[in-house]
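See below for the structure under consideration.
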Amino acid sequence: MPAPILSILAAGSARTAARPSTVVSTEVIDAPAAPLPVLGDGVTVPLADGGEVEYAALDYAASAPALRRVWDDVAAYLPYYGSVHRGAGHLSQLSTDLFEASRAEVARFLGCRPDDQVVFTRSTTDSLNLLAAALPSGTEVFVFETEHHAALLPWRTRSDCRVCYLPAPRSPREAVRVLTEALTVRRGDGPALVCVTGASNVTGELWPVRELAAAAHAAGARLVLDAAQLAPHHPVDVTALGADWVAFSGHKLYAPFGAGVLAGRADWLRAAPPYLAGGGASRTVTRDAAGRVDVGWHETVARHEAGSPNVVGAYAIAAACRALREAGHGALAARERLLVDRVLTGLAAIPGARVLSLFGAGAERVGVISFVVDGHDSSRLATALSDRYGIGVRDGLFCAHPLVRLLLDGAPDAPAECGTPGDGQGERPLSAIRVSFGAGTPDEHVERFLTALAELVAPAAA
């Protein structure tokens with residue numbers, strides 16, 4: 001059996017293995033890590049002038065390239081692929097063991113408590129919708145208007161729950177104050193949930209998760225952490241943070257397949273109807289004398305994993321968790337801070353460039369930076385970076401429309417849509433450019449981006 005599979009299986013046999021004790025690494029490391037090898041290294045793309053250039057992938061916040069090691073691990077497993085659960089054959093047994101060992105590896109990566117559940121989903125969006133479906137009736141949900149749509153919108157689907165949208169804070173301390181005040185005057189003493197990001201997908205700024213969790217618990221509420229942008233860049237320990245649940249996506253964590261995770265407290269998940277009805281979620285199915293079908297549902301994680309599990313996606317996430325942990329999250333974060341400083345310094349030297357920030361200069365952030373350049377349409381600049389320089393960035397409102405509108409001083413109901421310049425006469429295009437990077441980004445890609453942007457906005461540029 002290939003070594004990667006054996007390694008995951010061995011790790012999975014010790015679910016209570018030592019957890020990382022740091023939530024966000026701030027240690028000074030003298031020798032930051034080198035870029036990790038990723039798929040797509042050396043890929044060339046066509047330019048508008050007919051030439052070709054090595055592609056510079058600077059859109060990690062949308063989907064990070066898969067780590068080469070993760071791809072190799074998955075490729076080593078595929079010949080042993082089999083159906084998960086209930087299969088008597090050897091490959092089915094192996095796949096089942098690998099699937100459950102992957103769950104344990106993810107729990108270790110997240111610092112889960114012994115009685116936490118790790119549910120495999122399709123994505124962060126799917127994870128938060130699952131939790132929304134599992135809320136006890138009458139739950140009050142508190143969420144900042146600055147959240148990604150995946151965290152902002154799912155709670156609206158519950159007509160029996162109340163959603164309180166909190167105004168954008170301008171500092172971490174203000175975020176704690178706003179939440180504390182909102183929880184103090186909440187209606188009744190029923191269940192309450194706070195949803196917050198760990199790192200903004202627009203500004204990259206880190207949120208005070210530990211302090212927000214403490215404020216939530218002091219008021220009898222629970223907290224779910226959207227770690228889609230945090231987990232790829234920093235260690236996440238839900239026990240140390242005090243988070244009740246955490247959600248993230250594999251495709252942002254250098255895993256190449258469509259899987260995600262919801263991990264945390266088991267009680268609400270056990271009490272809720274299955275997220276999907278079907279095989280796997282059902283423990284027993286019978287018919288009574290009247291012909292009615294009666295179902296007994298599992299109370300384990302299987303309750304919310306109906307259908308044939310995505311064992312390849314789950315294993316890819318586990319392989320990515322293991323690769324990042326063994327590479328040293330602290331060293332990777334140290335190198336990323338150098339890249340962040342370089343981009344911020346480079347943007348500061350470009351006339352008219354304005355970095356979007358909620359918490360202000362000096363706020364700690366991951367490798368996600370959004371900006372605009374006065375007098376230049378963001379969508380056209382992003383297109384030019386691709387067509388003329390082979391650089392991939394993102395433009396638009398980044399599925400966080402209220403936040404980007406606020407940071408661009410736009411009206412809350414501004415008509416411009418994500419990624420499209422305003423077409424109406426006199427309408428100001430409402431969009432920004434986001435450059436994002438991580439463990440696989442070479443220094444050269446960052447330098448090429450800064451050089452290209454300076455050339456594009458120079459007065460002599462076409």
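In the structure tokens, chains take letters A, B, ... by order of appearance, with residues numbered from 1 within each chain and ligands from 1 in the order shown.
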
(message) Taking only region 179-226 of chain A into account, list the residues labelled strand (DSSP E) by DSSP (computed from the backbone), as a PyMOL selection string.
(response) chain A and resi 192-197+222-226

Dump as a CSV table (one decimal), in the first residue's frame, selection limited to C-alpha atoms:
```csv
chain,number,residue,atom,x,y,z
A,192,ALA,CA,-28.4,32.3,19.6
A,193,LEU,CA,-25.6,31.9,17.1
A,194,VAL,CA,-22.9,34.3,16.0
A,195,CYS,CA,-21.3,33.9,12.5
A,196,VAL,CA,-18.0,35.5,11.9
A,197,THR,CA,-15.1,35.3,9.4
A,222,ARG,CA,-22.6,30.0,20.2
A,223,LEU,CA,-20.2,31.0,17.4
A,224,VAL,CA,-19.4,29.5,14.0
A,225,LEU,CA,-16.2,30.5,12.3
A,226,ASP,CA,-16.0,30.9,8.6
```

(request) Pick out the residues sitting within 9 Å of Leu253 (chain A), and hand them over as a list in words; count only C-alpha atoms, and ignore anything fewer than 3 positions along from it in its own chain. (result) Ser63, Ala64, Pro65, Ala66, Leu67, Ala228, Gln229, Ala231, Pro232, His233, Phe248, Ser249, Gly250, Pro256, Ile317, Ala320, Cys321 and Leu324 of chain A

Since we have the selection now, will you write its residues out, keeping N, CA, C and O atoms, as a short mmCIF file (atom, residue, chain, number, x, y, z; two decimals), in the first residue's frame?
```cif
data_model
loop_
_atom_site.label_atom_id
_atom_site.label_comp_id
_atom_site.auth_asym_id
_atom_site.auth_seq_id
_atom_site.Cartn_x
_atom_site.Cartn_y
_atom_site.Cartn_z
N SER A 63 -9.70 30.26 -5.57
CA SER A 63 -9.32 28.84 -5.55
C SER A 63 -7.80 28.77 -5.61
O SER A 63 -7.19 29.25 -6.56
N ALA A 64 -7.22 28.18 -4.60
CA ALA A 64 -5.77 28.04 -4.57
C ALA A 64 -5.35 26.85 -5.42
O ALA A 64 -6.08 25.84 -5.48
N PRO A 65 -4.21 26.92 -6.09
CA PRO A 65 -3.74 25.75 -6.84
C PRO A 65 -3.49 24.58 -5.91
O PRO A 65 -3.13 24.76 -4.74
N ALA A 66 -3.69 23.38 -6.42
CA ALA A 66 -3.49 22.19 -5.60
C ALA A 66 -2.01 21.98 -5.33
O ALA A 66 -1.17 22.13 -6.23
N LEU A 67 -1.70 21.62 -4.10
CA LEU A 67 -0.32 21.25 -3.80
C LEU A 67 0.05 20.00 -4.59
O LEU A 67 -0.73 19.05 -4.68
N ALA A 228 -12.72 29.90 5.71
CA ALA A 228 -12.35 29.66 4.32
C ALA A 228 -11.05 30.37 3.95
O ALA A 228 -10.22 29.83 3.22
N GLN A 229 -10.87 31.61 4.43
CA GLN A 229 -9.66 32.37 4.12
C GLN A 229 -8.60 32.27 5.20
O GLN A 229 -7.43 32.57 4.96
N ALA A 231 -7.90 29.33 7.28
CA ALA A 231 -7.25 28.02 7.38
C ALA A 231 -6.10 27.83 6.39
O ALA A 231 -5.10 27.19 6.74
N PRO A 232 -6.16 28.35 5.15
CA PRO A 232 -5.02 28.16 4.25
C PRO A 232 -3.76 28.93 4.66
O PRO A 232 -2.68 28.64 4.14
N HIS A 233 -3.90 29.90 5.56
CA HIS A 233 -2.80 30.81 5.86
C HIS A 233 -2.24 30.68 7.27
O HIS A 233 -1.09 31.04 7.52
N PHE A 248 -14.86 25.34 6.30
CA PHE A 248 -13.90 25.77 5.28
C PHE A 248 -14.05 24.89 4.05
O PHE A 248 -14.74 23.87 4.06
N SER A 249 -13.38 25.30 2.96
CA SER A 249 -13.44 24.59 1.68
C SER A 249 -12.09 24.01 1.32
O SER A 249 -11.05 24.64 1.55
N GLY A 250 -12.09 22.82 0.72
CA GLY A 250 -10.85 22.20 0.30
C GLY A 250 -10.17 22.96 -0.82
O GLY A 250 -8.94 23.05 -0.86
N PRO A 256 -7.55 19.62 -4.59
CA PRO A 256 -8.06 19.81 -5.95
C PRO A 256 -9.50 19.38 -6.19
O PRO A 256 -9.94 19.37 -7.32
N ILE A 317 -8.57 16.75 1.11
CA ILE A 317 -8.52 17.73 2.19
C ILE A 317 -7.59 17.26 3.30
O ILE A 317 -6.76 18.03 3.81
N ALA A 320 -4.04 17.68 2.30
CA ALA A 320 -3.63 19.09 2.36
C ALA A 320 -3.39 19.51 3.80
O ALA A 320 -2.42 20.22 4.10
N CYS A 321 -4.26 19.09 4.72
CA CYS A 321 -4.07 19.41 6.14
C CYS A 321 -2.73 18.87 6.63
O CYS A 321 -1.97 19.57 7.32
N LEU A 324 0.30 20.85 5.04
CA LEU A 324 0.52 22.17 5.65
C LEU A 324 1.07 22.04 7.06
O LEU A 324 1.96 22.79 7.47
#
```

(message) Report as a list in words all protein, DNA and RNA residues lying within 9 Å of region 71-73 of chain A, evaluated on only C-alpha atoms, omitting residues in the same chain fewer than 6 positions from it.
(response)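 Here the qualifying residues turn out to be Pro2, Ala3, Pro4, Ile5, Val38, Leu39, Ala255, Pro256, Tyr315, Ala316 and Ala319 of chain A.
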
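Here CA of Gly352 (chain A) is placed at a distance of 12.3 Å from CA of Leu456 (chain A).
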